[in-house]
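Engineer: Below is the file coords-v1.txt, which contains compact mmCIF, C-alpha atoms and all ligand atoms.
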```txt
# COMPACT_ATOMS: atom_id res chain seq x y z
CA MET A 691 134.74 100.29 112.95
CA ARG A 692 132.80 97.11 112.30
CA ALA A 693 133.50 95.32 109.08
CA ALA A 694 129.88 94.26 108.51
CA ARG A 695 128.43 95.42 105.20
CA ALA A 696 124.89 96.13 104.12
CA GLY A 697 125.72 93.98 101.13
CA GLY A 698 124.55 95.11 97.76
CA VAL A 699 122.60 98.20 98.80
CA LEU A 700 125.00 100.56 97.11
CA ARG A 701 125.55 99.85 93.50
CA GLY A 702 127.62 102.76 92.30
CA ARG A 703 126.42 105.93 90.65
CA ARG A 704 123.36 104.37 89.06
CA GLY A 705 122.60 102.06 91.97
CA VAL A 706 120.00 104.16 93.74
CA VAL A 707 118.16 104.75 90.53
CA ALA A 708 118.22 101.11 89.53
CA ALA A 709 116.98 100.01 92.93
CA CYS A 710 114.18 102.58 92.86
CA ALA A 711 112.89 101.18 89.63
CA ARG A 712 112.36 97.78 91.18
CA ALA A 713 109.79 98.41 93.89
CA ARG A 714 107.65 95.33 94.40
CA PRO A 715 105.24 94.17 97.03
CA SER A 716 106.66 92.18 99.90
CA GLY A 717 105.40 88.68 100.43
CA SER A 718 106.37 87.37 97.01
CA GLY A 719 109.91 86.49 96.08
CA ASP A 720 111.25 87.93 99.32
CA THR A 721 113.24 84.85 100.28
CA GLY A 722 116.79 85.71 101.18
CA LYS A 723 116.11 89.41 101.39
CA LYS A 724 117.28 91.40 104.37
CA THR A 725 114.91 93.46 106.47
CA PHE A 726 114.96 97.25 106.78
CA PHE A 727 112.82 98.83 109.50
CA CYS A 728 112.05 102.54 109.29
CA PHE A 729 110.48 104.49 112.16
CA GLY A 730 108.54 107.27 110.43
CA ALA A 731 107.47 106.76 106.82
CA GLY A 732 107.91 110.38 105.76
CA TYR A 733 109.90 112.07 103.03
CA THR A 734 113.37 110.79 103.94
CA GLY A 735 112.24 107.40 105.20
CA LEU A 736 110.32 106.71 102.00
CA GLY A 737 113.25 107.95 99.92
CA LEU A 738 115.55 105.40 101.53
CA ALA A 739 112.82 102.74 101.38
CA CYS A 740 112.63 103.21 97.60
CA ALA A 741 116.38 102.74 97.28
CA LEU A 742 116.36 99.55 99.34
CA GLN A 743 113.23 97.86 98.08
CA GLY A 744 114.99 95.64 95.57
CA ASP A 745 117.19 93.99 98.17
CA PHE A 746 115.29 94.47 101.41
CA VAL A 747 111.85 93.75 102.75
CA VAL A 748 110.90 97.21 104.00
CA HIS A 749 108.85 97.79 107.16
CA ALA A 750 107.82 101.29 108.22
CA THR A 751 105.77 102.93 110.96
CA THR A 752 103.06 105.53 110.74
CA ARG A 753 100.55 107.04 113.17
CA SER A 754 97.82 107.01 110.59
CA PRO A 755 95.62 103.98 109.83
CA ALA A 756 94.82 105.48 106.41
CA LYS A 757 98.49 105.72 105.53
CA GLN A 758 98.91 102.03 106.27
CA ASP A 759 97.03 101.13 103.09
CA LEU A 760 99.04 103.59 101.12
CA LEU A 761 102.32 102.09 102.37
CA ARG A 762 101.08 98.60 101.59
CA SER A 763 100.27 99.67 98.03
CA CYS A 764 103.90 100.80 97.69
CA GLY A 765 105.22 97.39 98.76
CA ILE A 766 106.06 98.48 102.31
CA VAL A 767 104.90 96.53 105.37
CA PRO A 768 103.18 99.11 107.61
CA HIS A 769 103.05 99.21 111.41
CA LEU A 770 101.11 101.63 113.57
CA PHE A 771 103.33 103.40 116.10
CA ASP A 772 102.45 106.52 118.08
CA PRO A 773 104.18 106.48 121.45
CA SER A 774 102.93 109.92 122.50
CA SER A 775 99.35 108.56 122.29
CA GLY A 776 100.33 105.32 123.97
CA LEU A 777 100.13 103.28 120.75
CA LYS A 778 102.95 100.77 120.96
CA LEU A 779 104.49 98.71 118.23
CA SER A 780 102.62 95.43 117.75
CA GLU A 781 104.21 92.05 118.43
CA GLU A 782 104.55 91.55 114.66
CA GLY A 783 106.30 94.91 114.47
CA GLU A 784 108.70 93.99 117.24
CA GLU A 785 109.40 90.69 115.53
CA ALA A 786 110.21 92.48 112.27
CA LEU A 787 112.44 94.92 114.14
CA ARG A 788 114.29 92.05 115.81
CA SER A 789 115.04 90.43 112.48
CA SER A 790 116.20 93.66 110.83
CA THR A 791 119.63 94.20 109.35
CA ALA A 792 119.19 97.96 109.20
CA VAL A 793 117.02 100.29 111.29
CA LEU A 794 116.41 104.01 110.72
CA SER A 795 114.47 106.56 112.77
CA THR A 796 113.21 109.76 111.15
CA ILE A 797 110.78 110.59 113.96
CA PRO A 798 111.43 114.02 115.48
CA PRO A 799 111.80 114.21 119.27
CA SER A 800 109.13 115.42 121.63
CA THR A 801 109.78 118.83 123.15
CA VAL A 802 107.90 117.75 126.26
CA VAL A 803 110.34 115.93 128.49
CA GLY A 804 109.72 114.42 131.84
CA PRO A 805 111.24 111.62 133.86
CA PRO A 806 111.39 108.69 133.60
CA HIS A 807 111.05 109.04 129.81
CA GLY A 808 113.46 110.72 127.47
CA VAL A 809 112.56 112.80 124.45
CA ASP A 810 112.78 109.83 122.09
CA PRO A 811 110.83 106.71 123.01
CA THR A 812 112.05 104.99 119.83
CA ALA A 813 115.61 104.75 121.16
CA GLU A 814 114.32 103.12 124.33
CA LEU A 815 112.15 100.71 122.35
CA ILE A 816 115.17 99.60 120.33
CA ARG A 817 117.15 98.97 123.50
CA GLU A 818 114.29 96.88 124.92
CA VAL A 819 113.64 94.86 121.78
CA PHE A 820 117.26 93.94 121.16
CA SER A 821 117.87 93.20 124.84
CA ALA A 822 114.94 90.80 124.66
CA THR A 823 116.53 89.08 121.64
CA ARG A 824 119.54 88.31 123.76
CA GLY A 825 117.50 87.47 126.85
CA SER A 826 119.66 89.83 128.90
CA SER A 827 120.66 93.46 129.00
CA LEU A 828 122.91 94.69 126.25
CA SER A 829 126.35 95.82 127.30
CA SER A 830 129.27 97.42 125.55
CA SER A 831 131.33 94.22 125.81
CA SER A 832 128.83 91.87 124.18
CA PRO A 833 128.69 91.30 120.40
CA PRO A 834 126.05 93.03 118.25
CA PRO A 835 122.65 91.39 117.96
CA GLU A 836 122.91 88.82 115.19
CA GLY A 837 122.25 90.33 111.79
CA LEU A 838 121.91 93.94 112.91
CA ASP A 839 124.49 95.86 110.89
CA TRP A 840 123.33 99.42 111.16
CA VAL A 841 121.09 101.79 113.14
CA GLY A 842 120.59 105.34 111.84
CA TYR A 843 119.01 108.39 113.43
CA VAL A 844 118.13 111.40 111.28
CA SER A 845 118.85 114.62 113.18
CA THR A 846 119.31 118.22 112.10
CA THR A 847 122.02 120.86 111.76
CA GLY A 848 119.79 122.90 114.11
CA VAL A 849 121.75 121.32 116.99
CA TYR A 850 124.63 123.74 116.24
CA GLY A 851 122.45 126.75 117.07
CA GLU A 852 123.51 130.32 116.28
CA ARG A 853 127.16 130.50 115.09
CA ARG A 854 127.25 133.93 113.51
CA GLY A 855 128.29 132.67 110.12
CA GLU A 856 131.14 130.43 111.33
CA TRP A 857 131.84 127.02 109.88
CA VAL A 858 130.79 124.07 112.06
CA THR A 859 131.87 120.44 111.83
CA GLU A 860 130.72 117.29 113.61
CA GLU A 861 133.40 118.06 116.22
CA THR A 862 131.86 121.44 117.09
CA PRO A 863 130.37 121.15 120.61
CA VAL A 864 126.58 121.37 120.66
CA GLY A 865 124.43 122.82 123.40
CA SER A 866 126.82 125.59 124.41
CA ASN A 867 125.11 128.43 122.53
CA PRO A 868 121.52 129.67 122.25
CA VAL A 869 119.23 127.18 120.58
CA SER A 870 115.48 126.80 120.23
CA ASP A 871 113.43 124.38 122.35
CA ARG A 872 113.26 122.12 119.32
CA ALA A 873 117.03 122.14 118.93
CA SER A 874 117.48 121.44 122.66
CA ALA A 875 115.15 118.45 122.35
CA ARG A 876 117.13 117.27 119.34
CA ILE A 877 120.41 117.50 121.25
CA ARG A 878 118.86 115.37 124.00
CA ALA A 879 117.51 112.90 121.47
CA GLU A 880 120.95 112.49 119.87
CA ALA A 881 122.40 111.85 123.32
CA GLU A 882 119.73 109.20 123.99
CA TRP A 883 120.58 107.42 120.73
CA LEU A 884 124.32 107.61 121.33
CA ALA A 885 123.82 106.28 124.87
CA LEU A 886 122.43 103.02 123.51
CA PRO A 887 124.80 100.15 124.28
CA GLY A 888 127.91 100.22 122.08
CA GLU A 889 127.00 96.98 120.37
CA LEU A 890 124.00 98.65 118.72
CA PRO A 891 125.72 100.31 115.74
CA VAL A 892 124.19 103.80 116.02
CA HIS A 893 124.90 106.54 113.47
CA ILE A 894 123.66 110.14 113.63
CA PHE A 895 122.94 112.18 110.49
CA ARG A 896 122.61 115.94 110.93
CA CYS A 897 120.70 117.08 107.87
CA GLY A 898 120.27 120.58 106.54
CA GLY A 899 116.92 121.56 105.01
CA ILE A 900 115.78 118.54 103.01
CA TYR A 901 114.30 119.38 99.62
CA GLY A 902 113.52 117.49 96.45
CA PRO A 903 110.60 116.40 94.27
CA HIS A 904 107.31 117.75 95.61
CA ARG A 905 109.08 119.52 98.50
CA ASN A 906 110.94 122.65 97.43
CA VAL A 907 110.70 126.44 97.20
CA LEU A 908 108.53 126.31 94.09
CA ARG A 909 105.80 124.71 96.19
CA THR A 910 106.17 126.97 99.22
CA GLU A 911 107.27 130.40 97.98
CA SER A 912 103.88 132.01 98.37
CA LYS A 913 103.25 130.88 101.96
CA PRO A 914 103.11 133.87 104.35
CA GLU A 915 105.87 132.53 106.64
CA ASN A 916 108.19 132.30 103.67
CA VAL A 917 107.46 135.84 102.58
CA ARG A 918 108.80 136.91 105.98
CA ARG A 919 111.85 134.64 105.71
CA ARG A 920 112.63 136.00 102.26
CA ARG A 921 113.39 139.39 103.73
CA ASN A 922 116.66 138.33 105.29
CA GLN A 923 119.85 136.91 103.91
CA GLN A 924 120.31 134.22 106.54
CA LEU A 925 122.39 131.33 105.25
CA VAL A 926 120.58 127.99 105.21
CA SER A 927 122.26 124.62 104.82
CA ARG A 928 120.25 122.26 102.70
CA CYS A 929 120.53 118.97 100.88
CA HIS A 930 118.61 117.29 98.10
CA VAL A 931 116.84 114.17 99.38
CA LEU A 932 118.70 112.05 96.80
CA ASP A 933 121.98 113.02 98.46
CA VAL A 934 120.53 112.42 101.93
CA VAL A 935 119.62 108.91 100.80
CA GLN A 936 123.04 108.50 99.22
CA GLY A 937 124.71 109.45 102.52
CA LEU A 938 122.58 106.93 104.43
CA LEU A 939 123.35 104.19 101.90
CA LYS A 940 127.09 104.87 102.01
CA SER A 941 127.01 104.66 105.80
CA MET A 942 125.12 101.35 105.62
CA GLU A 943 127.85 100.11 103.32
CA ALA A 944 130.57 101.00 105.83
CA PRO A 945 129.13 101.06 109.37
CA ASN A 946 131.09 103.07 111.92
CA SER A 947 129.29 102.70 115.22
CA GLY A 948 128.92 106.04 117.00
CA GLY A 949 129.63 108.00 113.80
CA ILE A 950 128.09 111.45 113.36
CA TYR A 951 127.75 112.94 109.87
CA ASN A 952 126.53 116.28 108.58
CA ILE A 953 124.47 115.86 105.42
CA VAL A 954 124.46 119.19 103.61
CA ASP A 955 125.43 120.39 100.17
CA ASP A 956 128.37 122.65 99.29
CA ASP A 957 126.52 125.94 99.24
CA PRO A 958 124.78 127.30 102.34
CA ALA A 959 122.74 129.98 100.60
CA PRO A 960 119.99 132.39 101.63
CA ARG A 961 116.49 131.16 100.92
CA ASP A 962 115.95 134.31 98.92
CA ALA A 963 118.66 133.31 96.42
CA VAL A 964 117.26 129.80 96.04
CA GLU A 965 113.79 131.11 95.43
CA ALA A 966 114.94 133.68 92.88
CA PHE A 967 116.88 131.01 91.00
CA ALA A 968 114.02 128.52 91.05
CA LEU A 969 111.42 131.06 89.91
CA GLY A 970 113.78 132.07 87.10
CA LEU A 971 113.99 128.45 85.95
CA VAL A 972 110.24 128.22 85.51
CA GLY A 973 109.79 131.79 84.24
CA ARG A 974 107.61 132.87 87.15
CA PRO A 975 107.89 136.45 88.44
CA ARG A 976 109.20 137.06 91.94
CA PRO A 977 106.50 138.05 94.43
CA THR A 978 106.18 141.80 94.78
CA GLU A 979 106.48 141.75 98.58
CA VAL A 980 110.15 140.82 98.42
CA VAL A 981 112.25 143.24 100.47
CA PRO A 982 115.70 141.70 100.60
CA SER A 983 117.88 142.96 103.39
CA SER A 984 121.21 141.90 104.81
CA SER A 985 120.40 143.23 108.26
CA ARG A 986 120.41 139.79 109.90
CA GLN A 987 123.67 137.94 110.30
CA ALA A 988 124.18 134.54 108.82
CA THR A 989 123.87 131.80 111.42
CA LYS A 990 126.32 129.09 110.39
CA ARG A 991 128.01 127.25 107.58
CA VAL A 992 127.95 123.48 107.98
CA SER A 993 130.87 121.41 106.72
CA ASN A 994 130.27 118.26 104.66
CA ALA A 995 133.95 117.23 104.64
CA ARG A 996 133.33 114.04 106.64
CA LEU A 997 130.41 113.03 104.42
CA LYS A 998 132.66 113.28 101.39
CA GLY A 999 135.92 112.11 102.97
CA GLU A 1000 134.89 109.24 105.24
CA LEU A 1001 131.78 108.06 103.41
CA GLY A 1002 133.02 108.91 99.93
CA VAL A 1003 129.81 110.65 98.94
CA VAL A 1004 129.96 112.50 95.63
CA LEU A 1005 126.99 114.85 95.78
CA ARG A 1006 124.58 114.49 92.86
CA HIS A 1007 123.40 118.00 93.61
CA PRO A 1008 126.36 119.97 95.04
CA THR A 1009 124.26 123.16 95.23
CA TYR A 1010 120.62 124.18 95.03
CA LYS A 1011 121.15 125.09 91.39
CA GLU A 1012 121.74 121.50 90.24
CA GLY A 1013 119.03 120.31 92.61
CA MET A 1014 116.38 122.75 91.43
CA ARG A 1015 117.25 122.18 87.77
CA ALA A 1016 116.78 118.43 88.23
CA ILE A 1017 113.42 118.97 89.91
CA VAL A 1018 112.19 121.31 87.18
CA GLU A 1019 113.30 118.77 84.57
CA GLY A 1020 111.10 116.15 86.26
CA ASP A 1021 113.76 114.04 87.98
CA ILE A 1022 111.89 112.28 90.80
CA ARG A 1023 114.82 110.35 92.27
CA PRO A 1024 115.13 108.83 94.84
CA PHE A 1025 111.38 108.15 94.76
CA THR A 1026 109.52 105.71 92.60
CA ARG A 1027 106.54 107.13 90.74
CA GLU A 1028 104.12 105.20 92.94
CA VAL A 1029 105.67 106.41 96.21
CA LEU A 1030 105.84 110.01 95.01
CA ASP A 1031 102.19 109.86 93.95
CA GLU A 1032 101.31 108.67 97.44
CA LEU A 1033 103.40 111.44 99.04
CA ILE A 1034 101.48 113.95 96.92
CA LYS A 1035 98.17 112.51 98.17
CA ILE A 1036 99.29 112.80 101.82
CA LYS A 1037 100.09 116.53 101.74
N1 LIG B 1101 112.50 118.39 106.41
C1 LIG B 1101 113.63 119.03 106.66
O1 LIG B 1101 114.00 120.01 106.02
C2 LIG B 1101 114.52 118.49 107.76
C3 LIG B 1101 115.81 119.01 107.92
C4 LIG B 1101 116.64 118.48 108.88
C5 LIG B 1101 116.17 117.48 109.72
N2 LIG B 1101 114.89 117.03 109.58
C6 LIG B 1101 114.46 115.96 110.48
O2 LIG B 1101 114.78 114.77 109.81
C7 LIG B 1101 113.76 113.78 110.06
C8 LIG B 1101 113.18 113.34 108.74
O3 LIG B 1101 112.69 114.47 108.06
P1 LIG B 1101 111.53 114.33 107.00
O4 LIG B 1101 111.41 115.65 106.34
O5 LIG B 1101 111.74 113.11 106.22
O6 LIG B 1101 110.30 114.15 107.99
P2 LIG B 1101 108.76 113.89 107.64
O7 LIG B 1101 108.53 113.83 106.19
O8 LIG B 1101 107.96 114.85 108.44
O9 LIG B 1101 108.55 112.43 108.25
C9 LIG B 1101 108.64 112.19 109.64
C10 LIG B 1101 107.90 110.90 109.93
O10 LIG B 1101 107.94 110.69 111.36
C11 LIG B 1101 106.65 110.29 111.80
N3 LIG B 1101 106.36 110.97 113.06
C12 LIG B 1101 106.42 112.31 113.30
N4 LIG B 1101 106.14 112.56 114.59
C13 LIG B 1101 105.87 111.37 115.17
C14 LIG B 1101 105.53 110.97 116.49
N5 LIG B 1101 105.38 111.86 117.48
N6 LIG B 1101 105.33 109.66 116.73
C15 LIG B 1101 105.46 108.73 115.74
N7 LIG B 1101 105.80 109.05 114.47
C16 LIG B 1101 106.01 110.35 114.19
C17 LIG B 1101 105.65 110.72 110.75
O11 LIG B 1101 104.80 109.61 110.55
P3 LIG B 1101 103.23 109.76 110.12
O12 LIG B 1101 103.00 111.18 109.76
O13 LIG B 1101 103.11 108.82 108.98
O14 LIG B 1101 102.48 109.32 111.30
C18 LIG B 1101 106.46 110.98 109.50
O15 LIG B 1101 106.26 110.01 108.54
C19 LIG B 1101 112.75 114.44 110.98
O16 LIG B 1101 113.08 114.12 112.30
C20 LIG B 1101 112.97 115.92 110.74
O17 LIG B 1101 112.60 116.69 111.86
C21 LIG B 1101 114.06 117.50 108.61
```
Could the structure of this file be written out as structure tokens, please?
Ligand SMILES: NC(=O)c1ccc[n+]([C@@H]2O[C@H](COP(=O)([O-])OP(=O)(O)OC[C@H]3O[C@@H](n4cnc5c(N)ncnc54)[C@H](OP(=O)(O)O)[C@@H]3O)[C@@H](O)[C@H]2O)c1
Structural biologist:
Amino acid sequence: MRAARAGGVLRGRRGVVAACARARPSGSGDTGKKTFFCFGAGYTGLGLACALQGDFVVHATTRSPAKQDLLRSCGIVPHLFDPSSGLKLSEEGEEALRSSTAVLSTIPPSTVVGPPHGVDPTAELIREVFSATRGSSLSSSSPPPEGLDWVGYVSTTGVYGERRGEWVTEETPVGSNPVSDRASARIRAEAEWLALPGELPVHIFRCGGIYGPHRNVLRTESKPENVRRRRNQQLVSRCHVLDVVQGLLKSMEAPNSGGIYNIVDDDPAPRDAVEAFALGLVGRPRPTEVVPSSSRQATKRVSNARLKGELGVVLRHPTYKEGMRAIVEGDIRPFTREVLDELIKIK
């Protein structure tokens, strides 16, 4: 385990909140700040960006020219990046990446795979950019690129596939049981990230369903696909975005190259139960088309023991009940008001 620290990013229980309150545009007063580069400025990426903005200059990619302005207005330096359409990172983007202390990718893999490319062009880009910094290929025996403390890749608990209600940990082999095409692509993507030279401090985070402000069952319960899902009692692992961000921050604080972490809460619960609880909180009636049934078996229960034990994460929202209560009470953490407003405009 490398001793390098993402100094100052984690400031105790109130740290994330305090950092979120200090979003400010880059370009002024940034001297001495570290650089954080995020591939994919979506829900999770922006959540972490909010938490880091006080101490880091934040760069983030998007495929959308319109979203560039929006990111700029939130104090984030935007870069266009859309490898599947052939849109590469600009020279300025590569320069920012090279000078980064921490790099995160939240971009999902492509399900279309063909040689010579893998499912995740971002991993390959990182290898190229940091090899160029050194002027030679990276190898497992050479030291890490100067200043780069941490590389994170956000994956999913979907890699575990169907487990018939068993508990799974990060040690559970993946790829041996039936999985969807998307999960197969994700397993390949993880392998591509972990195959980066050992000196690039890669960490994998397998997240359950990510929910939080503006993204939760109260916003989606009436969608037709969710009416269908409501009919079974399948267990779903989930995690509030504030705890996802907390897990990422704790890992940045104590890098452990090659580390894999599940990020889920303590209570894998059926979607039906979450929805019933949330609707009860706001006094809305349950939709009449609900036909709960336990005919389908649970798929898996995902352990968060390593998240708590190794990273020392104390979940702010141990179950959906605390998480949904906080949302209903108007808690927007980890987002700043301005970033959340922009997220609302996007969807
Ligand atoms: N949401 C969940 O419940 C959940 C659960 C477990 C794991 N995950 C995975 O965790 C990661 C983060 O989740 P999230 O909910 O924060 O995702 P999100 O809000 O959808 O954000 C993903 C970001 O990746 C960018 N992106 C997507 N496809 C891309 C492509 N082909 N090329 C370049 N950029 C691309 C998007 O950028 P633009 O749209 O700005 O171009 C978007 O900002 C994702 O990989 C997701 O699949 C999600």
Engineer: Find the residues of chain A that sit at most 6 Å from ligand LIG 1101 (chain B); for each, write down the nearest two atoms and how far apart they are in Å, to one decimal. Count all atoms listed in the file. Sort by chain, then by number going up, and give it as JSON lines.
Structural biologist:
```
{"residue": "A:Gly730", "atom": "CA", "partner": "B:LIG1101", "partner_atom": "O10", "distance": 3.6}
{"residue": "A:Ala731", "atom": "CA", "partner": "B:LIG1101", "partner_atom": "O15", "distance": 3.9}
{"residue": "A:Gly732", "atom": "CA", "partner": "B:LIG1101", "partner_atom": "O15", "distance": 3.3}
{"residue": "A:Tyr733", "atom": "CA", "partner": "B:LIG1101", "partner_atom": "O5", "distance": 3.8}
{"residue": "A:Thr734", "atom": "CA", "partner": "B:LIG1101", "partner_atom": "O5", "distance": 3.6}
{"residue": "A:Gly735", "atom": "CA", "partner": "B:LIG1101", "partner_atom": "O5", "distance": 5.8}
{"residue": "A:Thr752", "atom": "CA", "partner": "B:LIG1101", "partner_atom": "O13", "distance": 3.7}
{"residue": "A:Arg753", "atom": "CA", "partner": "B:LIG1101", "partner_atom": "O14", "distance": 3.5}
{"residue": "A:Ser754", "atom": "CA", "partner": "B:LIG1101", "partner_atom": "O14", "distance": 5.2}
{"residue": "A:Phe771", "atom": "CA", "partner": "B:LIG1101", "partner_atom": "C15", "distance": 5.8}
{"residue": "A:Asp772", "atom": "CA", "partner": "B:LIG1101", "partner_atom": "C15", "distance": 4.4}
{"residue": "A:Pro773", "atom": "CA", "partner": "B:LIG1101", "partner_atom": "N6", "distance": 5.8}
{"residue": "A:Ser774", "atom": "CA", "partner": "B:LIG1101", "partner_atom": "N5", "distance": 5.9}
{"residue": "A:Thr796", "atom": "CA", "partner": "B:LIG1101", "partner_atom": "C7", "distance": 4.2}
{"residue": "A:Ile797", "atom": "CA", "partner": "B:LIG1101", "partner_atom": "O10", "distance": 3.9}
{"residue": "A:Pro798", "atom": "CA", "partner": "B:LIG1101", "partner_atom": "O16", "distance": 3.6}
{"residue": "A:Val844", "atom": "CA", "partner": "B:LIG1101", "partner_atom": "O2", "distance": 5.0}
{"residue": "A:Ser845", "atom": "CA", "partner": "B:LIG1101", "partner_atom": "C5", "distance": 5.2}
{"residue": "A:Thr846", "atom": "CA", "partner": "B:LIG1101", "partner_atom": "C5", "distance": 4.0}
{"residue": "A:Cys897", "atom": "CA", "partner": "B:LIG1101", "partner_atom": "C4", "distance": 4.4}
{"residue": "A:Gly898", "atom": "CA", "partner": "B:LIG1101", "partner_atom": "C4", "distance": 4.8}
{"residue": "A:Gly899", "atom": "CA", "partner": "B:LIG1101", "partner_atom": "O1", "distance": 3.5}
{"residue": "A:Ile900", "atom": "CA", "partner": "B:LIG1101", "partner_atom": "O1", "distance": 3.8}
```
Engineer: Hey, which of A:Thr812, A:Val926, A:Ser800, A:Leu838 ends up closest to A:Ala875? Count only C-alpha atoms.
Structural biologist: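 Among the listed residues, A:Ser800 lies closest to A:Ala875.
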Engineer: Could you name the residues that touch A:Arg1023 at 10 Å or less, counting all atoms listed in the file, but leaving out those on the same chain fewer than 3 positions away, as a ChimeraX atom specification?
Structural biologist: /A:706-707,710-711,737,740-741,902-903,930-933,935,1016-1017,1020,1026-1027,1030
Engineer: Counting all atoms listed in the file, figure out which residue out of A:Arg1006, A:His893, A:Arg928, A:Arg976 gets nearest to A:Val793.
Structural biologist: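 Of A:Arg1006, A:His893, A:Arg928, A:Arg976, the one nearest A:Val793, counting all atoms listed in the file, is A:His893.
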Engineer: Taking all listed atoms of stretch 756-761 of chain A, build the axis-aligned box, pad each of the six sides by 4 Å, then write its centre and edge lengths in Å to one decimal as AutoDock Vina command-line options.
Structural biologist:
```
--center_x 98.6 --center_y 103.4 --center_z 103.8 --size_x 15.5 --size_y 12.6 --size_z 13.3
```
Engineer: With distances taken over only C-alpha atoms, which of A:Gly776, A:Gly765, A:Pro975, A:Gly970 is nearest to A:Gln743?
Structural biologist: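 Ranking A:Gly776, A:Gly765, A:Pro975, A:Gly970 by distance to A:Gln743, first place goes to A:Gly765.
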Engineer: List as a CSV table (one decimal) with C-alpha atoms, in the frame of the given file the protein and nucleic acid residues near A:Val809, meaning an atom at most 7 Å away when all atoms listed in the file are counted, but skip any in the same chain fewer than 3 places from it.
Structural biologist:
```csv
chain,number,residue,atom,x,y,z
A,799,PRO,CA,111.8,114.2,119.3
A,800,SER,CA,109.1,115.4,121.6
A,801,THR,CA,109.8,118.8,123.2
A,803,VAL,CA,110.3,115.9,128.5
A,875,ALA,CA,115.2,118.4,122.4
A,878,ARG,CA,118.9,115.4,124.0
A,879,ALA,CA,117.5,112.9,121.5
```
Engineer: To one decimal place in Å, what is the distance between atom CA of A:Ser790 and atom CA of A:His769?
Structural biologist: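 Computing it gives 14.3 Å between the two atoms.
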Engineer: Do you have the atom CA of A:Arg872-atom CA of A:Glu852 distance handy?
Structural biologist: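 Atom CA of A:Glu852 lies at a distance of 13.5 Å from atom CA of A:Arg872.
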Engineer: Figure out the distance between atom CA of A:Tyr1010 and atom CA of A:Leu969, please, to one decimal in Å.
Structural biologist: 12.6 Å
Engineer: Using only C-alpha atoms, find the one residue out of A:Ile877, A:Arg996, A:Leu939, A:Ala756 that sits nearest to A:Lys1035.
Structural biologist: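 Of all the options, A:Ala756 lies closest to A:Lys1035.
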Engineer: Of the candidates A:Leu815, A:Leu760, A:Ile766, A:Trp883, which one gets nearest to A:Gly744 if we count all atoms listed in the file?
Structural biologist: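 Nearest to A:Gly744: A:Ile766.
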Engineer: Is there a way to complete stretch 775-786 of chain A with N, CA and C atoms and then write that out as a PDB file, in the frame of the given file?
Structural biologist:
```pdb
ATOM      1  N   SER A 775     100.757 108.888 121.985  1.00  0.00           N
ATOM      2  CA  SER A 775      99.350 108.560 122.290  1.00  0.00           C
ATOM      3  C   SER A 775      99.235 107.184 122.940  1.00  0.00           C
ATOM      4  N   GLY A 776     100.352 106.624 123.302  1.00  0.00           N
ATOM      5  CA  GLY A 776     100.330 105.320 123.970  1.00  0.00           C
ATOM      6  C   GLY A 776     100.180 104.134 123.018  1.00  0.00           C
ATOM      7  N   LEU A 777     100.262 104.387 121.711  1.00  0.00           N
ATOM      8  CA  LEU A 777     100.130 103.280 120.750  1.00  0.00           C
ATOM      9  C   LEU A 777     101.503 102.655 120.503  1.00  0.00           C
ATOM     10  N   LYS A 778     101.647 101.439 121.061  1.00  0.00           N
ATOM     11  CA  LYS A 778     102.950 100.770 120.960  1.00  0.00           C
ATOM     12  C   LYS A 778     103.061  99.962 119.686  1.00  0.00           C
ATOM     13  N   LEU A 779     104.263  99.590 119.370  1.00  0.00           N
ATOM     14  CA  LEU A 779     104.490  98.710 118.230  1.00  0.00           C
ATOM     15  C   LEU A 779     103.897  97.339 118.543  1.00  0.00           C
ATOM     16  N   SER A 780     103.236  96.737 117.547  1.00  0.00           N
ATOM     17  CA  SER A 780     102.620  95.430 117.750  1.00  0.00           C
ATOM     18  C   SER A 780     103.689  94.342 117.911  1.00  0.00           C
ATOM     19  N   GLU A 781     103.250  93.161 118.324  1.00  0.00           N
ATOM     20  CA  GLU A 781     104.210  92.050 118.430  1.00  0.00           C
ATOM     21  C   GLU A 781     104.845  91.746 117.077  1.00  0.00           C
ATOM     22  N   GLU A 782     104.005  91.811 116.008  1.00  0.00           N
ATOM     23  CA  GLU A 782     104.550  91.550 114.660  1.00  0.00           C
ATOM     24  C   GLU A 782     105.623  92.598 114.321  1.00  0.00           C
ATOM     25  N   GLY A 783     105.337  93.847 114.733  1.00  0.00           N
ATOM     26  CA  GLY A 783     106.300  94.910 114.470  1.00  0.00           C
ATOM     27  C   GLY A 783     107.603  94.661 115.210  1.00  0.00           C
ATOM     28  N   GLU A 784     107.484  94.253 116.462  1.00  0.00           N
ATOM     29  CA  GLU A 784     108.700  93.990 117.240  1.00  0.00           C
ATOM     30  C   GLU A 784     109.485  92.833 116.638  1.00  0.00           C
ATOM     31  N   GLU A 785     108.742  91.840 116.157  1.00  0.00           N
ATOM     32  CA  GLU A 785     109.400  90.690 115.530  1.00  0.00           C
ATOM     33  C   GLU A 785     110.179  91.129 114.278  1.00  0.00           C
ATOM     34  N   ALA A 786     109.532  91.979 113.482  1.00  0.00           N
ATOM     35  CA  ALA A 786     110.210  92.480 112.270  1.00  0.00           C
ATOM     36  C   ALA A 786     111.444  93.296 112.648  1.00  0.00           C
TER      37      ALA A 786
END
```
